[in-house]
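As stored in entry_9.cif (mmCIF, C-alpha atoms and all ligand atoms):
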```cif
data_work
loop_
_atom_site.group_PDB
_atom_site.id
_atom_site.type_symbol
_atom_site.label_atom_id
_atom_site.label_comp_id
_atom_site.auth_asym_id
_atom_site.auth_seq_id
_atom_site.Cartn_x
_atom_site.Cartn_y
_atom_site.Cartn_z
ATOM 1 C CA MET M 1 -77.022 -57.734 -27.998
ATOM 2 C CA ILE M 2 -75.655 -55.696 -25.116
ATOM 3 C CA THR M 3 -74.691 -52.083 -25.893
ATOM 4 C CA VAL M 4 -71.502 -50.258 -24.975
ATOM 5 C CA ARG M 5 -73.443 -48.230 -22.424
ATOM 6 C CA GLU M 6 -74.916 -51.339 -20.786
ATOM 7 C CA ALA M 7 -71.529 -53.059 -20.793
ATOM 8 C CA LEU M 8 -69.976 -50.099 -18.992
ATOM 9 C CA TYR M 9 -72.617 -49.911 -16.302
ATOM 10 C CA ARG M 10 -72.652 -53.656 -15.834
ATOM 11 C CA GLY M 11 -68.842 -53.703 -15.524
ATOM 12 C CA ALA M 12 -68.750 -50.792 -13.072
ATOM 13 C CA SER M 13 -71.379 -52.461 -10.890
ATOM 14 C CA LEU M 14 -69.057 -55.453 -10.444
ATOM 15 C CA LEU M 15 -66.381 -53.285 -8.839
ATOM 16 C CA GLU M 16 -67.942 -52.349 -5.534
ATOM 17 C CA LYS M 17 -64.487 -52.257 -3.873
ATOM 18 C CA SER M 18 -62.779 -50.001 -6.417
ATOM 19 C CA GLU M 19 -62.682 -46.265 -5.726
ATOM 20 C CA THR M 20 -63.131 -45.562 -9.421
ATOM 21 C CA PRO M 21 -65.453 -48.284 -10.802
ATOM 22 C CA PHE M 22 -66.682 -46.357 -13.834
ATOM 23 C CA LEU M 23 -63.237 -45.111 -14.807
ATOM 24 C CA ASP M 24 -61.768 -48.621 -14.435
ATOM 25 C CA ALA M 25 -64.596 -50.116 -16.531
ATOM 26 C CA SER M 26 -64.186 -47.515 -19.265
ATOM 27 C CA ILE M 27 -60.398 -47.941 -19.492
ATOM 28 C CA ILE M 28 -60.759 -51.724 -19.648
ATOM 29 C CA LEU M 29 -63.633 -51.682 -22.166
ATOM 30 C CA SER M 30 -61.849 -49.244 -24.483
ATOM 31 C CA HIS M 31 -58.784 -51.480 -24.269
ATOM 32 C CA ILE M 32 -60.788 -54.591 -25.192
ATOM 33 C CA LEU M 33 -62.588 -52.790 -28.030
ATOM 34 C CA ASP M 34 -59.298 -51.218 -29.093
ATOM 35 C CA ILE M 35 -60.724 -47.689 -29.288
ATOM 36 C CA SER M 36 -60.011 -44.439 -27.429
ATOM 37 C CA LYS M 37 -62.074 -43.461 -24.371
ATOM 38 C CA GLU M 38 -63.565 -40.560 -26.365
ATOM 39 C CA LYS M 39 -64.663 -42.989 -29.082
ATOM 40 C CA LEU M 40 -66.070 -45.314 -26.421
ATOM 41 C CA PHE M 41 -68.320 -42.593 -24.994
ATOM 42 C CA ALA M 42 -69.422 -41.676 -28.517
ATOM 43 C CA SER M 43 -70.347 -45.340 -29.148
ATOM 44 C CA TYR M 44 -72.861 -45.770 -26.294
ATOM 45 C CA PRO M 45 -75.699 -47.178 -28.462
ATOM 46 C CA ASP M 46 -73.467 -49.579 -30.428
ATOM 47 C CA PRO M 47 -73.621 -53.335 -29.790
ATOM 48 C CA VAL M 48 -70.647 -55.136 -28.205
ATOM 49 C CA ASP M 49 -69.581 -58.318 -29.979
ATOM 50 C CA PRO M 50 -70.353 -61.283 -27.657
ATOM 51 C CA GLY M 51 -66.764 -62.612 -27.858
ATOM 52 C CA LEU M 52 -65.387 -59.224 -26.809
ATOM 53 C CA MET M 53 -68.025 -58.942 -24.088
ATOM 54 C CA GLU M 54 -66.817 -62.241 -22.678
ATOM 55 C CA ARG M 55 -63.201 -60.996 -22.674
ATOM 56 C CA TYR M 56 -64.296 -57.762 -21.027
ATOM 57 C CA LEU M 57 -66.118 -59.597 -18.238
ATOM 58 C CA GLU M 58 -63.069 -61.815 -17.677
ATOM 59 C CA ALA M 59 -60.894 -58.697 -17.391
ATOM 60 C CA MET M 60 -63.370 -57.141 -14.973
ATOM 61 C CA GLU M 61 -63.187 -60.287 -12.818
ATOM 62 C CA LYS M 62 -59.413 -59.716 -12.606
ATOM 63 C CA ARG M 63 -59.963 -56.100 -11.610
ATOM 64 C CA LYS M 64 -62.419 -57.303 -8.958
ATOM 65 C CA LYS M 65 -59.536 -59.311 -7.495
ATOM 66 C CA ASN M 66 -57.541 -56.069 -7.217
ATOM 67 C CA VAL M 67 -55.302 -56.639 -10.218
ATOM 68 C CA PRO M 68 -54.260 -53.075 -11.153
ATOM 69 C CA VAL M 69 -55.883 -51.728 -14.328
ATOM 70 C CA ALA M 70 -52.397 -51.236 -15.808
ATOM 71 C CA TYR M 71 -51.645 -54.977 -15.577
ATOM 72 C CA ILE M 72 -54.945 -55.770 -17.303
ATOM 73 C CA THR M 73 -54.412 -53.377 -20.198
ATOM 74 C CA ASN M 74 -50.597 -53.794 -20.109
ATOM 75 C CA LYS M 75 -50.338 -50.039 -20.447
ATOM 76 C CA LYS M 76 -49.394 -47.170 -18.186
ATOM 77 C CA GLU M 77 -48.981 -43.518 -19.126
ATOM 78 C CA PHE M 78 -45.881 -41.935 -17.665
ATOM 79 C CA PHE M 79 -44.293 -38.629 -18.635
ATOM 80 C CA GLY M 80 -46.334 -38.519 -21.834
ATOM 81 C CA LEU M 81 -45.274 -42.005 -22.960
ATOM 82 C CA THR M 82 -47.255 -45.245 -22.878
ATOM 83 C CA PHE M 83 -45.198 -47.914 -21.141
ATOM 84 C CA TYR M 84 -45.858 -51.644 -21.406
ATOM 85 C CA VAL M 85 -46.281 -53.065 -17.892
ATOM 86 C CA ASP M 86 -47.133 -56.428 -16.398
ATOM 87 C CA GLU M 87 -46.720 -58.240 -13.092
ATOM 88 C CA ARG M 88 -42.939 -58.385 -13.529
ATOM 89 C CA VAL M 89 -42.589 -54.667 -12.758
ATOM 90 C CA LEU M 90 -44.112 -51.982 -10.584
ATOM 91 C CA SER M 91 -46.581 -49.879 -12.500
ATOM 92 C CA PRO M 92 -45.029 -46.362 -12.815
ATOM 93 C CA ARG M 93 -46.466 -43.839 -10.337
ATOM 94 C CA PRO M 94 -47.099 -40.180 -11.153
ATOM 95 C CA ASP M 95 -44.909 -39.274 -8.115
ATOM 96 C CA THR M 96 -41.902 -40.517 -10.033
ATOM 97 C CA GLU M 97 -42.369 -37.855 -12.716
ATOM 98 C CA THR M 98 -40.865 -35.470 -10.118
ATOM 99 C CA LEU M 99 -37.627 -37.443 -10.344
ATOM 100 C CA VAL M 100 -37.604 -37.166 -14.151
ATOM 101 C CA GLU M 101 -38.434 -33.448 -14.060
ATOM 102 C CA THR M 102 -35.708 -32.741 -11.491
ATOM 103 C CA ALA M 103 -33.155 -34.675 -13.560
ATOM 104 C CA LEU M 104 -34.113 -32.790 -16.740
ATOM 105 C CA GLU M 105 -33.906 -29.449 -14.953
ATOM 106 C CA ILE M 106 -30.387 -30.263 -13.707
ATOM 107 C CA VAL M 107 -29.291 -31.472 -17.139
ATOM 108 C CA GLY M 108 -30.715 -28.266 -18.660
ATOM 109 C CA LYS M 109 -28.496 -26.183 -16.390
ATOM 110 C CA ASN M 110 -25.444 -28.451 -16.684
ATOM 111 C CA PRO M 111 -24.902 -29.497 -20.286
ATOM 112 C CA LYS M 112 -21.877 -31.512 -19.158
ATOM 113 C CA VAL M 113 -24.231 -34.092 -17.680
ATOM 114 C CA LYS M 114 -24.316 -36.745 -20.407
ATOM 115 C CA LYS M 115 -24.003 -40.201 -18.850
ATOM 116 C CA ILE M 116 -26.839 -41.210 -16.573
ATOM 117 C CA LEU M 117 -27.514 -44.418 -14.661
ATOM 118 C CA ASP M 118 -31.106 -45.332 -13.715
ATOM 119 C CA MET M 119 -30.675 -47.917 -10.965
ATOM 120 C CA CYS M 120 -33.584 -50.217 -9.951
ATOM 121 C CA THR M 121 -35.228 -49.227 -13.225
ATOM 122 C CA GLY M 122 -38.172 -51.678 -13.286
ATOM 123 C CA SER M 123 -40.227 -50.846 -16.393
ATOM 124 C CA GLY M 124 -37.480 -48.409 -17.419
ATOM 125 C CA CYS M 125 -39.833 -45.445 -17.029
ATOM 126 C CA ILE M 126 -37.254 -42.994 -15.625
ATOM 127 C CA GLY M 127 -34.320 -43.710 -17.935
ATOM 128 C CA ILE M 128 -36.508 -44.077 -21.026
ATOM 129 C CA SER M 129 -38.364 -40.812 -20.306
ATOM 130 C CA LEU M 130 -35.015 -39.021 -19.946
ATOM 131 C CA LYS M 131 -33.729 -40.443 -23.222
ATOM 132 C CA SER M 132 -36.986 -39.665 -24.969
ATOM 133 C CA SER M 133 -36.739 -36.001 -23.861
ATOM 134 C CA LEU M 134 -33.008 -35.679 -24.571
ATOM 135 C CA PRO M 135 -31.880 -38.364 -27.067
ATOM 136 C CA GLU M 136 -28.241 -37.256 -26.837
ATOM 137 C CA LEU M 137 -28.000 -38.551 -23.247
ATOM 138 C CA ALA M 138 -26.211 -41.874 -22.713
ATOM 139 C CA ILE M 139 -28.546 -43.818 -20.462
ATOM 140 C CA THR M 140 -27.916 -47.107 -18.661
ATOM 141 C CA CYS M 141 -30.866 -48.738 -16.900
ATOM 142 C CA SER M 142 -30.135 -51.493 -14.382
ATOM 143 C CA ASP M 143 -32.163 -53.832 -12.207
ATOM 144 C CA ILE M 144 -31.505 -56.951 -10.128
ATOM 145 C CA SER M 145 -34.522 -58.635 -11.741
ATOM 146 C CA PRO M 146 -33.899 -60.203 -15.187
ATOM 147 C CA ASP M 147 -37.678 -60.019 -15.736
ATOM 148 C CA ALA M 148 -37.665 -56.267 -15.136
ATOM 149 C CA VAL M 149 -34.702 -55.818 -17.485
ATOM 150 C CA ASP M 150 -36.689 -57.684 -20.175
ATOM 151 C CA VAL M 151 -39.627 -55.286 -19.724
ATOM 152 C CA CYS M 152 -37.288 -52.275 -19.736
ATOM 153 C CA ARG M 153 -35.630 -53.483 -22.949
ATOM 154 C CA TYR M 154 -39.022 -54.043 -24.571
ATOM 155 C CA ASN M 155 -40.161 -50.508 -23.647
ATOM 156 C CA SER M 156 -36.893 -49.026 -24.787
ATOM 157 C CA ASN M 157 -37.136 -50.706 -28.194
ATOM 158 C CA ARG M 158 -40.764 -49.645 -28.629
ATOM 159 C CA LEU M 159 -40.477 -46.069 -27.412
ATOM 160 C CA LEU M 160 -37.037 -44.905 -28.495
ATOM 161 C CA SER M 161 -35.249 -44.704 -31.806
ATOM 162 C CA LYS M 162 -31.936 -45.198 -29.995
ATOM 163 C CA PRO M 163 -32.444 -47.630 -27.122
ATOM 164 C CA VAL M 164 -30.969 -47.346 -23.619
ATOM 165 C CA VAL M 165 -28.433 -49.875 -22.311
ATOM 166 C CA ALA M 166 -30.387 -52.286 -20.088
ATOM 167 C CA GLN M 167 -28.321 -54.335 -17.667
ATOM 168 C CA ILE M 168 -29.003 -56.934 -14.984
ATOM 169 C CA SER M 169 -27.129 -55.911 -11.841
ATOM 170 C CA ASP M 170 -27.604 -56.204 -8.082
ATOM 171 C CA LEU M 171 -27.121 -52.474 -7.355
ATOM 172 C CA PHE M 172 -23.549 -51.676 -8.525
ATOM 173 C CA GLU M 173 -22.336 -55.291 -8.758
ATOM 174 C CA LYS M 174 -22.043 -55.371 -12.567
ATOM 175 C CA ILE M 175 -21.883 -51.628 -13.192
ATOM 176 C CA THR M 176 -18.610 -50.354 -14.596
ATOM 177 C CA GLY M 177 -17.510 -46.830 -15.425
ATOM 178 C CA GLU M 178 -18.567 -43.456 -14.104
ATOM 179 C CA PHE M 179 -21.755 -41.467 -14.546
ATOM 180 C CA ASP M 180 -22.497 -37.753 -14.377
ATOM 181 C CA MET M 181 -25.792 -38.541 -12.693
ATOM 182 C CA ILE M 182 -27.329 -41.514 -10.911
ATOM 183 C CA VAL M 183 -31.108 -41.572 -10.510
ATOM 184 C CA SER M 184 -33.002 -44.195 -8.585
ATOM 185 C CA ASN M 185 -36.487 -45.063 -7.417
ATOM 186 C CA PRO M 186 -35.427 -48.090 -5.372
ATOM 187 C CA PRO M 187 -37.747 -50.211 -3.226
ATOM 188 C CA TYR M 188 -38.306 -47.969 -0.184
ATOM 189 C CA VAL M 189 -41.513 -49.131 1.450
ATOM 190 C CA PRO M 190 -41.064 -50.345 5.064
ATOM 191 C CA ALA M 191 -41.631 -54.120 5.211
ATOM 192 C CA ALA M 192 -44.740 -53.804 7.414
ATOM 193 C CA GLU M 193 -46.401 -51.466 4.894
ATOM 194 C CA VAL M 194 -45.559 -53.687 1.928
ATOM 195 C CA LYS M 195 -47.933 -56.239 3.380
ATOM 196 C CA ALA M 196 -50.762 -53.706 3.344
ATOM 197 C CA ILE M 197 -50.003 -52.590 -0.238
ATOM 198 C CA ARG M 198 -49.904 -56.182 -1.428
ATOM 199 C CA GLU M 199 -53.168 -57.012 0.315
ATOM 200 C CA SER M 200 -54.947 -54.299 -1.664
ATOM 201 C CA SER M 201 -52.891 -54.979 -4.811
ATOM 202 C CA PRO M 202 -51.519 -58.534 -4.648
ATOM 203 C CA ALA M 203 -50.043 -58.526 -8.139
ATOM 204 C CA GLU M 204 -47.404 -55.861 -7.411
ATOM 205 C CA PRO M 205 -43.890 -57.333 -7.162
ATOM 206 C CA GLN M 206 -42.667 -57.407 -3.556
ATOM 207 C CA LEU M 207 -39.068 -57.027 -4.733
ATOM 208 C CA ALA M 208 -39.877 -53.609 -6.202
ATOM 209 C CA LEU M 209 -41.397 -52.270 -2.984
ATOM 210 C CA ASP M 210 -39.740 -53.860 0.055
ATOM 211 C CA GLY M 211 -36.990 -51.686 1.511
ATOM 212 C CA GLY M 212 -36.564 -53.585 4.803
ATOM 213 C CA ASP M 213 -37.618 -52.525 8.324
ATOM 214 C CA ASP M 214 -37.488 -48.757 7.794
ATOM 215 C CA GLY M 215 -37.577 -48.928 3.988
ATOM 216 C CA LEU M 216 -34.060 -47.545 3.706
ATOM 217 C CA ASP M 217 -32.004 -50.747 3.288
ATOM 218 C CA LEU M 218 -31.156 -50.153 -0.385
ATOM 219 C CA ILE M 219 -30.813 -46.406 -0.066
ATOM 220 C CA ARG M 220 -28.259 -46.934 2.722
ATOM 221 C CA GLU M 221 -26.154 -48.931 0.223
ATOM 222 C CA ILE M 222 -26.753 -46.707 -2.796
ATOM 223 C CA ILE M 223 -25.636 -43.429 -1.141
ATOM 224 C CA PRO M 224 -22.020 -44.343 -0.316
ATOM 225 C CA ALA M 225 -21.587 -46.689 -3.301
ATOM 226 C CA SER M 226 -22.676 -44.010 -5.784
ATOM 227 C CA LEU M 227 -19.636 -41.917 -4.838
ATOM 228 C CA GLU M 228 -17.467 -44.592 -6.517
ATOM 229 C CA HIS M 229 -19.486 -44.360 -9.727
ATOM 230 C CA LEU M 230 -20.041 -40.608 -10.054
ATOM 231 C CA THR M 231 -17.787 -38.167 -11.862
ATOM 232 C CA PRO M 232 -16.588 -35.236 -9.686
ATOM 233 C CA ARG M 233 -19.566 -32.890 -9.025
ATOM 234 C CA GLY M 234 -21.860 -35.639 -10.323
ATOM 235 C CA TYR M 235 -25.449 -35.836 -9.050
ATOM 236 C CA LEU M 236 -27.335 -38.464 -7.080
ATOM 237 C CA LEU M 237 -31.160 -38.244 -7.190
ATOM 238 C CA LEU M 238 -33.200 -40.539 -4.972
ATOM 239 C CA GLU M 239 -36.953 -40.947 -4.737
ATOM 240 C CA SER M 240 -38.372 -41.847 -1.338
ATOM 241 C CA SER M 241 -41.402 -41.307 0.844
ATOM 242 C CA ILE M 242 -41.927 -37.978 2.582
ATOM 243 C CA GLU M 243 -40.860 -39.327 6.008
ATOM 244 C CA GLN M 244 -37.562 -40.631 4.670
ATOM 245 C CA THR M 245 -36.187 -37.509 3.000
ATOM 246 C CA TYR M 246 -34.701 -36.117 6.258
ATOM 247 C CA SER M 247 -32.785 -39.340 6.955
ATOM 248 C CA ILE M 248 -31.627 -39.386 3.330
ATOM 249 C CA GLU M 249 -30.350 -35.812 3.558
ATOM 250 C CA ARG M 250 -28.471 -36.768 6.755
ATOM 251 C CA MET M 251 -26.995 -39.891 5.130
ATOM 252 C CA MET M 252 -25.876 -37.880 2.093
ATOM 253 C CA LYS M 253 -24.247 -35.259 4.319
ATOM 254 C CA LYS M 254 -22.448 -37.938 6.321
ATOM 255 C CA ALA M 255 -21.164 -39.593 3.135
ATOM 256 C CA GLY M 256 -19.710 -36.253 1.967
ATOM 257 C CA TYR M 257 -22.252 -35.055 -0.605
ATOM 258 C CA THR M 258 -22.751 -31.309 -1.089
ATOM 259 C CA ASP M 259 -25.583 -29.112 -2.431
ATOM 260 C CA ILE M 260 -28.147 -31.386 -0.792
ATOM 261 C CA GLU M 261 -31.794 -30.488 -1.353
ATOM 262 C CA THR M 262 -35.188 -32.145 -1.416
ATOM 263 C CA ARG M 263 -37.862 -31.553 -4.052
ATOM 264 C CA MET M 264 -41.610 -31.895 -3.601
ATOM 265 C CA ASP M 265 -43.975 -33.867 -5.829
ATOM 266 C CA LEU M 266 -47.168 -32.484 -7.377
ATOM 267 C CA THR M 267 -49.079 -33.066 -4.155
ATOM 268 C CA GLY M 268 -46.580 -30.956 -2.186
ATOM 269 C CA ARG M 269 -44.880 -33.917 -0.480
ATOM 270 C CA ASN M 270 -41.122 -34.213 -0.148
ATOM 271 C CA ARG M 271 -40.217 -36.835 -2.739
ATOM 272 C CA VAL M 272 -36.789 -36.488 -4.362
ATOM 273 C CA THR M 273 -33.483 -35.802 -2.612
ATOM 274 C CA VAL M 274 -30.521 -34.505 -4.619
ATOM 275 C CA GLY M 275 -26.865 -34.417 -3.617
ATOM 276 C CA ARG M 276 -23.597 -33.766 -5.466
ATOM 277 C CA LYS M 277 -20.334 -35.600 -5.214
ATOM 278 C CA PRO M 278 -17.601 -33.248 -4.002
ATOM 279 C CA LEU M 279 -14.776 -32.236 -6.351
ATOM 280 C CA ALA M 280 -12.103 -34.263 -4.581
HETATM 281 N N1 LIG U 1 -44.297 -44.999 -4.270
HETATM 282 C C1 LIG U 1 -44.485 -46.412 -4.297
HETATM 283 C C2 LIG U 1 -45.709 -46.798 -3.477
HETATM 284 O O1 LIG U 1 -45.946 -46.208 -2.463
HETATM 285 C C3 LIG U 1 -43.279 -47.151 -3.798
HETATM 286 C C4 LIG U 1 -42.238 -47.183 -4.818
HETATM 287 C C5 LIG U 1 -40.971 -47.769 -4.324
HETATM 288 O O2 LIG U 1 -40.836 -48.497 -3.326
HETATM 289 N N2 LIG U 1 -39.976 -47.443 -5.027
HETATM 290 O O3 LIG U 1 -46.409 -47.688 -3.841
#
```

What is this file in structure tokens?
Amino acid sequence: MITVREALYRGASLLEKSETPFLDASIILSHILDISKEKLFASYPDPVDPGLMERYLEAMEKRKKNVPVAYITNKKEFFGLTFYVDERVLSPRPDTETLVETALEIVGKNPKVKKILDMCTGSGCIGISLKSSLPELAITCSDISPDAVDVCRYNSNRLLSKPVVAQISDLFEKITGEFDMIVSNPPYVPAAEVKAIRESSPAEPQLALDGGDDGLDLIREIIPASLEHLTPRGYLLLESSIEQTYSIERMMKKAGYTDIETRMDLTGRNRVTVGRKPLA
């Protein structure tokens, strides 16, 4: 029978196009064997059950076709939580933790911030991470995609003792009431670049990435519309790519926001722009 060690090396050798063949193989094999990665490395000489080996090789064939590891294991770590993900939602990116951290920092300094809307929530990773850190927050997560709202609801029920409100809405269409903060990681990739992302990762949902010609189509709508749904001095936090943050700052200024600033992600790239609704 084939050993864990042999299975790993055989799996990694199938992934000549992946940048991280051994890491991918070890994550997928530990998922199939239902053990931690540490346990996997400690089990090198152990035999792999032929049925599980077959499932592992099937999963590796998927990975060979560029299906992200997270869609194969249906798991993605984000902000210390393990989110369920599949092809209905974008797999959470580490960049987005900057948005969560910025929101938590603002809430820490402004205890009046209680009601938060996470628009274009996808898997729910932003809103659910906020609620998990500060359970007293009232969080609404919205998305145009009913499939994404299903995934968000599932994550919320699994990860939180008090779930978030998950709502299907095309931006603000079905959103009522006011929020002290609106956070969003909307689709912001320029259409031409979406094609390239989807060529290397065809399973990612186009809807979650495509922001039109310059990537800013949704952001252009969200900035003015948020003013109608924010309490006075409320905060808008938007994730974008580094090149877009200057345009976003300009758009916020033009719409009347104050205290505008941009935060960098862990790699030192401009990533999150913050603005406040004026008092009156
Ligand atoms: N940061 C993501 C990527 O480059 C895009 C996320 C988004 O459009 N909201 O893949």

*asked:* Considering all atoms listed in the file, can you say which of M:Thr273, M:Ser13, M:Thr231, M:Thr267 comes closest to Arg250 of chain M?
replied: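 Ranking M:Thr273, M:Ser13, M:Thr231, M:Thr267 by distance to Arg250 of chain M, first place goes to M:Thr273.
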
Do you know which residues are within 7 Å of ligand LIG 1 (chain U) using only C-alpha atoms and all ligand atoms? Can you write them as a short mmCIF file (atom, residue, chain, number, x, y, z; two decimals) with C-alpha atoms, keeping the file's coordinate frame?
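In the end it all went to pocket23.cif:
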```
data_model
loop_
_atom_site.label_atom_id
_atom_site.label_comp_id
_atom_site.auth_asym_id
_atom_site.auth_seq_id
_atom_site.Cartn_x
_atom_site.Cartn_y
_atom_site.Cartn_z
CA ARG M 93 -46.47 -43.84 -10.34
CA ASP M 95 -44.91 -39.27 -8.12
CA ASN M 185 -36.49 -45.06 -7.42
CA PRO M 186 -35.43 -48.09 -5.37
CA PRO M 187 -37.75 -50.21 -3.23
CA TYR M 188 -38.31 -47.97 -0.18
CA VAL M 189 -41.51 -49.13 1.45
CA ALA M 208 -39.88 -53.61 -6.20
CA LEU M 209 -41.40 -52.27 -2.98
CA ASP M 210 -39.74 -53.86 0.06
CA GLY M 211 -36.99 -51.69 1.51
CA SER M 240 -38.37 -41.85 -1.34
CA SER M 241 -41.40 -41.31 0.84
#
```

If I wrap all listed atoms of segment 169-179 of chain M in a box with edges along x, y and z and add 5 Å on each side, what are its centre and edge lengths in Å to one decimal, as AutoDock Vina command-line options?
```
--center_x -22.6 --center_y -48.8 --center_z -11.4 --size_x 20.1 --size_y 24.7 --size_z 18.1
```

*What separation in Å, quoted to one decimal, exists between atom CA of Ile28 of chain M and atom CA of Thr73 of chain M?*
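Interatomic distance, atom CA of Ile28 of chain M to atom CA of Thr73 of chain M: 6.6 Å.
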
*Step by step: start from the point (-74.9, -49.0, -28.0) in the file's coordinates, keep every protein, DNA or RNA residue that has an atom no farther than 8 Å from it, count all atoms listed in the file, and write the set as a ChimeraX atom specification.*
/M:2-6,43-48
